[in-house]
Amino acid sequence: MKPKVAFFDFASCEGDQLQVVNLEEQLLELLGHIELVSFREGMKEHSDNYDIAFIEGSCTRPQDEERLKKIRANAKLVVALGSCATIGGINCLKNHRDAITVRKEVYGDKYELFDTYPARPIDAVIKTDCKIHGCPINRTEFVNIVKALLMGQKPFIPDYPICVECKMNGNVCVFEKGMTCVGPVTRAGCNSCCVNEGAICWGCRGLIDNPNTDAHKEVLEKYGLTANEVINKFKLYFGWENYASKS
Amino acid sequence: MHQNHDINIHYITRVEGHGNIVVNVKDGRLEKCEWQVPEAPRFFEAMVVGQKWDVLHHITSRICGICSIGHTLASLKATEATFGINVSERDIKLRKLALHAENLQSHILHLGYLVLPDLMGVGSVIPLAETNPAEVKIVVGLHKLANQMSDLVCGRTTHPQRLIPGGFTKIPAKDELKKLRDALVGAWNDIETVAKLIHTLSGKLPNFTRETEFIALTSKDEYALYDGEIGSTDTKGAKVSQYLEYTNEYIVPQSTAKYAKHARESFMVGALARVNKNYSQLHKKAKDVATLFDLAPVCHNPYMNNIAQLVEIVHSWEDSIGLIDELLADNLYGAEGLNVITNTPTHQHTNTRGIGAVEVPRGILYHDYTYDENGFCTKANCIIPTNQNHANIQLDMEALVPQIMHKKTDEIELTLEMLVRAYDPCISCSTHFLKIEFKE
């Protein structure tokens, strides 16, 4: 029997589900190994009977917790898809600011009518079995992880910094160009895709498990930085990780 | 004959984001007819406040996965307008190419994966892969080509990495552009096949007309996508700086997204608006496709937005080849065969506020930023195309339902779903920036 698979989305740009569609012919192959029972963006049919649930997006309001818990109850495996789901993603930028101010800026004097709370990854609400990081997710990594899950294996998710991949790609260090980069503390797995394109590492895959001990120290020492300094200087994607560690 | 219908389509499928259709007909009387938008906002307007000028495009790209290139470009144009940052002619051509890539990707996705199932009477493209493998393979191939084009110009298909204030961090090498040109030229037969397929099915598109206003960027130089002034089929145009006069927003109780109006109670933006406004500037093959489908300006059938997208696929295809030819003929184009970092922008403060407007797949997109003297954002306003279309969808539904009330409930449902899909709404986009108020 093919495993039944469903996709769900919460606060997000739906760009990760788009990467699944962007698998093109590979998606057709994948569909030979699974039974897709729910994918609102692409199909009319829907069923609550599924084995694997892929969830894109952050939880940003209390009432969404109920829907997440229902998905958890229905699914054998819950996979967080993309930064918004795995680490809270860009949505957590608002967590850096005073919540009342943010709500007033958007809703004016009626702000109290609108439920919202600090944006969070889904494992702040329900247990997840696997995280596919990235903003957006890397299609090759998605395929590898799904293959492992279908074969009942534990997928490989790196716990070393982007610098490792970046060095192997022979990039000039971003710090060398006078820019700030969070590669030394960010989880690898994207093949340093942004630095390869002339940009910096923005941190979309979240922090490695122990940034203070496992960061790429060689780079940090060379530029006289500590892991915390890098994290605090540039935190587009670390809103939840910072928020959770402070509260 | 007394008709009764109780339609409640919760989270309409095969659209981006969450929307509901609610229609109640009792004893032949239309009691309720609403296009509802219950999507949760994400506070982007507040999220960018306090952020520096050189990261805004990275953040606002995340408003939308499908039109992330368009959001990045509107954002960059707003920032560049604020600080007087110039972009070279070559980089503008590359940006136009990036926009075509997105237009192609988005339109092919919409027509092939979201609309085609309705025309072929199935729930998704998945069963078509078994019944019509050749056609599905062609659609997938074209979608892939458009994505490869984004990859090549922007570094990635979604959330581009190479686009920065002032230009690009990296540009495609000449031989890569040549390969892309060959691939585009080679794709013509497939584009033609898709056009013919849709033509054989176009009888399934409802013949419904409601007069409305169409608003699109317009330019004397070309079929406007990257740049232009605001144009209307009802009134004279205006500079982009006057955009608020063209997007008067108002509040309705059933929607977390605001509605917009200009000369009438509603207007439409997107492919049909662009074709209606700028038809004469379409390339030849694009006009041929329009003629094949009897699409001529001004067309007031919203279902024809699907056909306008097909016309634009052909236009973007033709225009991309032309742009590549111009880039290849440019002797100054990069170092041969090498990717080079082309621009390191310097922050020169000339203005505090800048506005950028770009035509994205679903219509005009405006980004409007205010920065403080240190280059930190103090205020942002972005008006998303789908947001400008919500009122038009609602008014179309109100006009359409009485015309089709005599039909069976499931037929009405399909006709209404097809109406919403024809607009190709990007709902999660449209609610991200809204200031929501409630009717007491």
# chains A, B, ... in the order shown; residues from 1 in each chain; ligands from 1

call {"tool": "interface_residues", "arguments": {"of": "chain A", "to": "chain B", "cutoff": "6 Å", "atoms": "only C-alpha atoms", "output": "PyMOL selection string"}}
result
chain A and resi 13-15+24+40-44+93-94+102+106-107+198

call {"tool": "write_last_selection", "arguments": {"atoms": "all heavy atoms", "output": "mmCIF file, in the first residue's frame"}}
result
data_model
loop_
_atom_site.group_PDB
_atom_site.id
_atom_site.type_symbol
_atom_site.label_atom_id
_atom_site.label_comp_id
_atom_site.auth_asym_id
_atom_site.auth_seq_id
_atom_site.Cartn_x
_atom_site.Cartn_y
_atom_site.Cartn_z
ATOM 1 N N CYS A 13 4.484 31.910 2.605
ATOM 2 C CA CYS A 13 4.300 32.375 1.232
ATOM 3 C C CYS A 13 3.951 31.224 0.302
ATOM 4 O O CYS A 13 3.798 31.424 -0.892
ATOM 5 C CB CYS A 13 5.550 33.088 0.739
ATOM 6 S SG CYS A 13 6.916 31.964 0.365
ATOM 7 N N GLU A 14 3.843 30.025 0.835
ATOM 8 C CA GLU A 14 3.562 28.813 0.065
ATOM 9 C C GLU A 14 4.657 28.502 -0.957
ATOM 10 O O GLU A 14 4.481 27.726 -1.878
ATOM 11 C CB GLU A 14 2.162 28.879 -0.581
ATOM 12 C CG GLU A 14 1.088 29.077 0.500
ATOM 13 C CD GLU A 14 -0.361 28.931 0.040
ATOM 14 O OE1 GLU A 14 -0.577 28.552 -1.110
ATOM 15 O OE2 GLU A 14 -1.256 29.185 0.863
ATOM 16 N N GLY A 15 5.821 29.109 -0.756
ATOM 17 C CA GLY A 15 6.939 28.892 -1.667
ATOM 18 C C GLY A 15 7.572 27.516 -1.539
ATOM 19 O O GLY A 15 8.230 27.048 -2.466
ATOM 20 N N GLU A 24 8.985 19.162 -11.005
ATOM 21 C CA GLU A 24 8.653 18.831 -12.404
ATOM 22 C C GLU A 24 8.512 17.322 -12.593
ATOM 23 O O GLU A 24 7.731 16.714 -11.878
ATOM 24 C CB GLU A 24 9.710 19.429 -13.373
ATOM 25 C CG GLU A 24 10.294 20.787 -12.957
ATOM 26 C CD GLU A 24 9.350 21.982 -13.114
ATOM 27 O OE1 GLU A 24 8.184 21.812 -13.465
ATOM 28 O OE2 GLU A 24 9.815 23.125 -12.846
ATOM 29 N N ARG A 40 -4.223 21.431 -1.130
ATOM 30 C CA ARG A 40 -5.239 22.416 -1.499
ATOM 31 C C ARG A 40 -4.822 23.296 -2.674
ATOM 32 O O ARG A 40 -5.618 23.662 -3.524
ATOM 33 C CB ARG A 40 -5.575 23.302 -0.287
ATOM 34 C CG ARG A 40 -6.710 24.288 -0.507
ATOM 35 C CD ARG A 40 -6.788 25.309 0.599
ATOM 36 N NE ARG A 40 -5.492 25.903 0.877
ATOM 37 C CZ ARG A 40 -4.906 26.816 0.103
ATOM 38 N NH1 ARG A 40 -5.506 27.256 -0.967
ATOM 39 N NH2 ARG A 40 -3.716 27.288 0.413
ATOM 40 N N GLU A 41 -3.522 23.618 -2.708
ATOM 41 C CA GLU A 41 -3.058 24.507 -3.766
ATOM 42 C C GLU A 41 -3.174 23.871 -5.149
ATOM 43 O O GLU A 41 -3.268 24.559 -6.142
ATOM 44 C CB GLU A 41 -1.583 24.867 -3.523
ATOM 45 C CG GLU A 41 -1.387 26.284 -3.074
ATOM 46 C CD GLU A 41 0.083 26.689 -3.180
ATOM 47 O OE1 GLU A 41 0.920 26.061 -2.501
ATOM 48 O OE2 GLU A 41 0.368 27.600 -3.931
ATOM 49 N N GLY A 42 -3.136 22.534 -5.188
ATOM 50 C CA GLY A 42 -3.089 21.892 -6.493
ATOM 51 C C GLY A 42 -4.212 20.940 -6.809
ATOM 52 O O GLY A 42 -4.369 20.530 -7.951
ATOM 53 N N MET A 43 -5.006 20.531 -5.800
ATOM 54 C CA MET A 43 -6.058 19.557 -6.093
ATOM 55 C C MET A 43 -7.323 19.823 -5.302
ATOM 56 O O MET A 43 -7.296 20.367 -4.204
ATOM 57 C CB MET A 43 -5.554 18.133 -5.850
ATOM 58 C CG MET A 43 -5.136 17.835 -4.423
ATOM 59 S SD MET A 43 -4.213 16.278 -4.292
ATOM 60 C CE MET A 43 -5.567 15.113 -4.166
ATOM 61 N N LYS A 44 -8.441 19.422 -5.916
ATOM 62 C CA LYS A 44 -9.750 19.680 -5.332
ATOM 63 C C LYS A 44 -10.061 18.687 -4.208
ATOM 64 O O LYS A 44 -10.672 19.033 -3.215
ATOM 65 C CB LYS A 44 -10.790 19.543 -6.448
ATOM 66 C CG LYS A 44 -12.135 20.202 -6.162
ATOM 67 C CD LYS A 44 -13.062 20.037 -7.365
ATOM 68 C CE LYS A 44 -14.469 20.444 -6.971
ATOM 69 N NZ LYS A 44 -14.905 21.671 -7.616
ATOM 70 N N LEU A 93 10.217 38.046 12.544
ATOM 71 C CA LEU A 93 10.764 39.406 12.626
ATOM 72 C C LEU A 93 9.913 40.260 13.551
ATOM 73 O O LEU A 93 10.411 41.141 14.230
ATOM 74 C CB LEU A 93 10.791 40.046 11.237
ATOM 75 C CG LEU A 93 12.046 39.854 10.411
ATOM 76 C CD1 LEU A 93 11.888 40.576 9.083
ATOM 77 C CD2 LEU A 93 13.264 40.384 11.151
ATOM 78 N N LYS A 94 8.605 40.009 13.538
ATOM 79 C CA LYS A 94 7.746 40.828 14.404
ATOM 80 C C LYS A 94 7.970 40.513 15.881
ATOM 81 O O LYS A 94 7.640 41.316 16.737
ATOM 82 C CB LYS A 94 6.285 40.684 14.007
ATOM 83 C CG LYS A 94 5.591 39.414 14.457
ATOM 84 C CD LYS A 94 4.152 39.410 13.941
ATOM 85 C CE LYS A 94 3.444 38.104 14.264
ATOM 86 N NZ LYS A 94 2.843 38.080 15.586
ATOM 87 N N VAL A 102 3.213 46.471 17.079
ATOM 88 C CA VAL A 102 3.052 45.797 15.795
ATOM 89 C C VAL A 102 1.571 45.695 15.438
ATOM 90 O O VAL A 102 1.153 46.007 14.327
ATOM 91 C CB VAL A 102 3.702 44.388 15.848
ATOM 92 C CG1 VAL A 102 3.229 43.527 14.689
ATOM 93 C CG2 VAL A 102 5.220 44.512 15.838
ATOM 94 N N VAL A 106 -0.706 47.663 12.315
ATOM 95 C CA VAL A 106 -1.448 46.968 11.274
ATOM 96 C C VAL A 106 -2.954 47.111 11.432
ATOM 97 O O VAL A 106 -3.677 47.233 10.452
ATOM 98 C CB VAL A 106 -1.032 45.483 11.209
ATOM 99 C CG1 VAL A 106 -1.779 44.753 10.102
ATOM 100 C CG2 VAL A 106 0.465 45.384 10.966
ATOM 101 N N TYR A 107 -3.441 47.131 12.661
ATOM 102 C CA TYR A 107 -4.895 47.136 12.859
ATOM 103 C C TYR A 107 -5.450 48.426 13.453
ATOM 104 O O TYR A 107 -6.649 48.499 13.699
ATOM 105 C CB TYR A 107 -5.302 45.978 13.779
ATOM 106 C CG TYR A 107 -4.963 44.632 13.224
ATOM 107 C CD1 TYR A 107 -4.021 43.825 13.835
ATOM 108 C CD2 TYR A 107 -5.568 44.186 12.057
ATOM 109 C CE1 TYR A 107 -3.696 42.592 13.317
ATOM 110 C CE2 TYR A 107 -5.249 42.967 11.526
ATOM 111 C CZ TYR A 107 -4.301 42.163 12.161
ATOM 112 O OH TYR A 107 -3.976 40.958 11.638
ATOM 113 N N GLY A 198 26.784 35.111 -4.729
ATOM 114 C CA GLY A 198 27.282 36.468 -4.481
ATOM 115 C C GLY A 198 26.590 37.161 -3.329
ATOM 116 O O GLY A 198 26.874 38.314 -3.028
#

call {"tool": "residues_around", "arguments": {"residues": "Gly206 of chain A", "least_positions_apart": "5", "cutoff": "8 Å", "atoms": "only C-alpha atoms", "output": "PyMOL selection string"}}
result
chain A and resi 83+87+133+186-187+237-238

call {"tool": "write_last_selection", "arguments": {"atoms": "all heavy atoms", "output": "tab-separated table (two decimals), in the first residue's frame"}}
result
chain	number	residue	atom	x	y	z
A	83	SER	N	11.51	27.09	6.32
A	83	SER	CA	11.88	27.88	7.50
A	83	SER	C	10.72	28.31	8.38
A	83	SER	O	10.82	28.28	9.60
A	83	SER	CB	12.60	29.15	7.05
A	83	SER	OG	13.81	28.82	6.45
A	87	ILE	N	11.67	26.85	11.89
A	87	ILE	CA	12.26	27.77	12.89
A	87	ILE	C	11.40	29.03	13.11
A	87	ILE	O	11.80	29.94	13.83
A	87	ILE	CB	13.69	28.20	12.49
A	87	ILE	CG1	13.71	28.86	11.11
A	87	ILE	CG2	14.66	27.02	12.57
A	87	ILE	CD1	15.00	29.58	10.77
A	133	HIS	N	14.61	22.08	6.24
A	133	HIS	CA	14.91	23.50	6.44
A	133	HIS	C	14.99	24.26	5.12
A	133	HIS	O	15.04	23.68	4.05
A	133	HIS	CB	16.24	23.64	7.19
A	133	HIS	CG	16.20	23.12	8.59
A	133	HIS	ND1	15.60	23.81	9.62
A	133	HIS	CD2	16.64	21.95	9.14
A	133	HIS	CE1	15.71	23.10	10.75
A	133	HIS	NE2	16.34	21.97	10.47
A	186	THR	N	24.98	28.90	11.19
A	186	THR	CA	23.77	28.40	10.52
A	186	THR	C	23.95	26.97	10.03
A	186	THR	O	25.00	26.60	9.51
A	186	THR	CB	23.41	29.33	9.35
A	186	THR	OG1	23.16	30.64	9.86
A	186	THR	CG2	22.17	28.84	8.61
A	187	ARG	N	22.89	26.19	10.17
A	187	ARG	CA	22.90	24.78	9.79
A	187	ARG	C	23.14	24.60	8.30
A	187	ARG	O	22.46	25.20	7.47
A	187	ARG	CB	21.56	24.14	10.18
A	187	ARG	CG	21.49	22.64	10.00
A	187	ARG	CD	20.09	22.11	10.34
A	187	ARG	NE	19.67	22.47	11.69
A	187	ARG	CZ	20.06	21.82	12.79
A	187	ARG	NH1	20.87	20.79	12.69
A	187	ARG	NH2	19.64	22.21	13.97
A	237	TYR	N	16.32	35.63	10.67
A	237	TYR	CA	15.63	34.35	10.79
A	237	TYR	C	15.66	33.74	12.19
A	237	TYR	O	15.15	32.66	12.40
A	237	TYR	CB	16.22	33.33	9.80
A	237	TYR	CG	15.82	33.62	8.38
A	237	TYR	CD1	16.63	34.38	7.55
A	237	TYR	CD2	14.61	33.15	7.88
A	237	TYR	CE1	16.26	34.66	6.25
A	237	TYR	CE2	14.22	33.43	6.58
A	237	TYR	CZ	15.05	34.18	5.77
A	237	TYR	OH	14.66	34.45	4.49
A	238	PHE	N	16.29	34.41	13.13
A	238	PHE	CA	16.46	33.78	14.43
A	238	PHE	C	15.48	34.30	15.47
A	238	PHE	O	15.70	34.19	16.67
A	238	PHE	CB	17.91	33.96	14.94
A	238	PHE	CG	18.96	33.44	13.98
A	238	PHE	CD1	20.22	34.02	13.91
A	238	PHE	CD2	18.68	32.37	13.13
A	238	PHE	CE1	21.18	33.55	13.02
A	238	PHE	CE2	19.63	31.90	12.24
A	238	PHE	CZ	20.89	32.49	12.18

call {"tool": "closest_residue", "arguments": {"among": "A:Ala188, A:Ile126, A:Ala99, A:Val174", "to": "Ala73 of chain A", "atoms": "only C-alpha atoms"}}
result
A:Ile126

call {"tool": "residues_around", "arguments": {"residues": "segment 207-211 of chain A", "least_positions_apart": "4", "cutoff": "8 Å", "atoms": "only C-alpha atoms", "output": "CSV table (one decimal) with N, CA and C atoms, in the first residue's frame"}}
result
chain,number,residue,atom,x,y,z
A,159,ASP,N,24.4,18.8,11.1
A,159,ASP,CA,24.5,19.7,12.2
A,159,ASP,C,25.9,20.3,12.3
A,160,TYR,N,26.3,20.8,11.2
A,160,TYR,CA,27.5,21.6,11.1
A,160,TYR,C,27.2,22.9,10.3
A,161,PRO,N,28.1,23.9,10.5
A,161,PRO,CA,27.8,25.2,9.9
A,161,PRO,C,28.0,25.3,8.4
A,185,VAL,N,27.2,30.1,12.1
A,185,VAL,CA,26.3,29.5,13.1
A,185,VAL,C,25.1,28.9,12.5
A,186,THR,N,25.0,28.9,11.2
A,186,THR,CA,23.8,28.4,10.5
A,186,THR,C,23.9,27.0,10.0
A,187,ARG,N,22.9,26.2,10.2
A,187,ARG,CA,22.9,24.8,9.8
A,187,ARG,C,23.1,24.6,8.3
A,203,GLY,N,20.8,33.0,7.1
A,203,GLY,CA,20.5,32.2,8.3
A,203,GLY,C,19.1,31.4,8.2
A,215,ALA,N,30.2,26.3,16.3
A,215,ALA,CA,30.3,27.3,15.2
A,215,ALA,C,31.6,27.1,14.5
A,227,ALA,N,30.2,33.6,18.6
A,227,ALA,CA,29.0,33.1,18.0
A,227,ALA,C,27.8,34.1,18.3
A,238,PHE,N,16.3,34.4,13.1
A,238,PHE,CA,16.5,33.8,14.4
A,238,PHE,C,15.5,34.3,15.5

call {"tool": "residues_around", "arguments": {"residues": "Asp294 of chain B", "least_positions_apart": "2", "cutoff": "12 Å", "atoms": "only C-alpha atoms", "output": "PyMOL selection string"}}
result
chain B and resi 199+202+287-292+296-299+301+304+307-308+311

call {"tool": "write_last_selection", "arguments": {"atoms": "N, CA and C atoms", "output": "short mmCIF file (atom, residue, chain, number, x, y, z; two decimals), in the first residue's frame"}}
result
data_model
loop_
_atom_site.label_atom_id
_atom_site.label_comp_id
_atom_site.auth_asym_id
_atom_site.auth_seq_id
_atom_site.Cartn_x
_atom_site.Cartn_y
_atom_site.Cartn_z
N HIS B 199 -7.35 25.92 -26.93
CA HIS B 199 -8.34 26.37 -27.90
C HIS B 199 -9.46 25.35 -28.09
N SER B 202 -11.69 25.74 -25.09
CA SER B 202 -12.08 27.08 -24.65
C SER B 202 -13.59 27.28 -24.60
N LYS B 287 -0.18 38.41 -30.60
CA LYS B 287 -1.42 38.92 -31.20
C LYS B 287 -2.15 37.82 -31.97
N ASP B 288 -1.36 36.97 -32.65
CA ASP B 288 -1.98 35.86 -33.40
C ASP B 288 -2.78 34.96 -32.47
N VAL B 289 -2.20 34.68 -31.29
CA VAL B 289 -2.92 33.82 -30.33
C VAL B 289 -4.18 34.54 -29.84
N ALA B 290 -4.06 35.84 -29.57
CA ALA B 290 -5.24 36.60 -29.14
C ALA B 290 -6.33 36.49 -30.20
N THR B 291 -5.94 36.62 -31.46
CA THR B 291 -6.91 36.56 -32.56
C THR B 291 -7.56 35.18 -32.63
N LEU B 292 -6.73 34.13 -32.43
CA LEU B 292 -7.26 32.76 -32.46
C LEU B 292 -8.41 32.59 -31.48
N ALA B 296 -9.97 40.58 -28.09
CA ALA B 296 -9.62 41.91 -28.58
C ALA B 296 -10.02 42.93 -27.51
N PRO B 297 -9.25 44.01 -27.42
CA PRO B 297 -9.59 45.00 -26.39
C PRO B 297 -10.85 45.79 -26.76
N VAL B 298 -11.68 46.22 -25.83
CA VAL B 298 -11.59 45.87 -24.42
C VAL B 298 -12.52 44.68 -24.15
N CYS B 299 -11.98 43.59 -23.65
CA CYS B 299 -12.76 42.39 -23.36
C CYS B 299 -13.18 42.43 -21.89
N ASN B 301 -14.95 39.96 -20.28
CA ASN B 301 -15.23 38.64 -19.71
C ASN B 301 -14.06 38.20 -18.83
N MET B 304 -11.74 35.32 -19.55
CA MET B 304 -10.74 35.46 -20.61
C MET B 304 -9.37 35.86 -20.06
N ILE B 307 -7.06 33.30 -21.02
CA ILE B 307 -6.56 33.41 -22.39
C ILE B 307 -5.52 34.53 -22.49
N ALA B 308 -5.78 35.62 -21.75
CA ALA B 308 -4.81 36.72 -21.74
C ALA B 308 -3.46 36.22 -21.20
N VAL B 311 -1.76 34.48 -24.00
CA VAL B 311 -1.22 35.49 -24.91
C VAL B 311 0.09 36.04 -24.35
#

call {"tool": "select_by_dssp", "arguments": {"residues": "segment 35-166 of chain A", "states": "alpha helix (DSSP H)", "output": "PyMOL selection string"}}
result
chain A and resi 64-74+83-86+99-107+139-150+162-166

call {"tool": "residues_around", "arguments": {"residues": "Gly239 of chain A", "least_positions_apart": "6", "cutoff": "7 Å", "atoms": "only C-alpha atoms", "output": "PyMOL selection string"}}
result
chain A and resi 92-93+95-96

call {"tool": "atom_distance", "arguments": {"atom1": "atom CA of Ile313 of chain B", "atom2": "atom CA of Ile384 of chain B"}}
result
21.4 Å

call {"tool": "atom_distance", "arguments": {"atom1": "atom CA of Ile215 of chain B", "atom2": "atom CA of Leu414 of chain B"}}
result
27.5 Å

call {"tool": "atom_distance", "arguments": {"atom1": "atom CA of Arg29 of chain B", "atom2": "atom CA of His406 of chain B"}}
result
11.1 Å

call {"tool": "residues_around", "arguments": {"residues": "Gln17 of chain A", "least_positions_apart": "6", "cutoff": "12 Å", "atoms": "only C-alpha atoms", "output": "ChimeraX atom specification"}}
result
/A:6-10,23,27,39-42,54-57,80-82,132,135-139,142 /B:16-17,64-66,158

call {"tool": "decode", "arguments": {"residues": "segment 18-26 of chain B", "atoms": "all heavy atoms", "output": "tab-separated table (two decimals), in the first residue's frame"}}
result
chain	number	residue	atom	x	y	z
B	18	HIS	N	-6.14	31.28	1.12
B	18	HIS	CA	-7.43	30.78	1.61
B	18	HIS	C	-8.57	31.74	1.29
B	18	HIS	O	-8.56	32.89	1.73
B	18	HIS	CB	-7.36	30.57	3.12
B	18	HIS	CG	-6.32	29.57	3.53
B	18	HIS	ND1	-5.00	29.92	3.70
B	18	HIS	CD2	-6.39	28.24	3.75
B	18	HIS	CE1	-4.31	28.83	4.04
B	18	HIS	NE2	-5.13	27.80	4.06
B	19	GLY	N	-9.58	31.26	0.55
B	19	GLY	CA	-10.77	32.05	0.24
B	19	GLY	C	-12.00	31.16	0.25
B	19	GLY	O	-11.91	29.97	-0.01
B	20	ASN	N	-13.14	31.76	0.57
B	20	ASN	CA	-14.39	31.00	0.61
B	20	ASN	C	-15.41	31.62	-0.34
B	20	ASN	O	-15.43	32.84	-0.53
B	20	ASN	CB	-15.02	31.04	2.01
B	20	ASN	CG	-14.07	30.55	3.09
B	20	ASN	OD1	-13.18	29.74	2.84
B	20	ASN	ND2	-14.26	31.05	4.30
B	21	ILE	N	-16.28	30.77	-0.89
B	21	ILE	CA	-17.40	31.26	-1.68
B	21	ILE	C	-18.68	30.85	-0.95
B	21	ILE	O	-18.89	29.67	-0.67
B	21	ILE	CB	-17.40	30.63	-3.09
B	21	ILE	CG1	-16.14	31.06	-3.86
B	21	ILE	CG2	-18.66	31.02	-3.85
B	21	ILE	CD1	-15.94	30.31	-5.18
B	22	VAL	N	-19.51	31.82	-0.63
B	22	VAL	CA	-20.76	31.53	0.07
B	22	VAL	C	-21.92	32.11	-0.73
B	22	VAL	O	-21.96	33.31	-0.99
B	22	VAL	CB	-20.76	32.11	1.51
B	22	VAL	CG1	-22.10	31.82	2.19
B	22	VAL	CG2	-19.61	31.54	2.32
B	23	VAL	N	-22.82	31.24	-1.16
B	23	VAL	CA	-23.99	31.69	-1.92
B	23	VAL	C	-25.24	30.99	-1.37
B	23	VAL	O	-25.25	29.77	-1.21
B	23	VAL	CB	-23.84	31.37	-3.43
B	23	VAL	CG1	-25.14	31.66	-4.18
B	23	VAL	CG2	-22.69	32.16	-4.04
B	24	ASN	N	-26.25	31.77	-1.05
B	24	ASN	CA	-27.54	31.19	-0.64
B	24	ASN	C	-28.63	31.71	-1.56
B	24	ASN	O	-28.82	32.91	-1.69
B	24	ASN	CB	-27.90	31.59	0.80
B	24	ASN	CG	-26.93	30.98	1.79
B	24	ASN	OD1	-26.32	31.69	2.57
B	24	ASN	ND2	-26.76	29.68	1.74
B	25	VAL	N	-29.33	30.78	-2.18
B	25	VAL	CA	-30.49	31.15	-3.00
B	25	VAL	C	-31.69	30.45	-2.39
B	25	VAL	O	-31.68	29.23	-2.19
B	25	VAL	CB	-30.30	30.71	-4.46
B	25	VAL	CG1	-31.56	31.02	-5.28
B	25	VAL	CG2	-29.08	31.40	-5.07
B	26	LYS	N	-32.73	31.22	-2.05
B	26	LYS	CA	-33.92	30.61	-1.46
B	26	LYS	C	-35.14	31.02	-2.27
B	26	LYS	O	-35.37	32.21	-2.50
B	26	LYS	CB	-34.07	31.08	0.00
B	26	LYS	CG	-34.95	30.14	0.79
B	26	LYS	CD	-35.01	30.51	2.26
B	26	LYS	CE	-36.02	29.60	2.94
B	26	LYS	NZ	-36.40	30.10	4.25
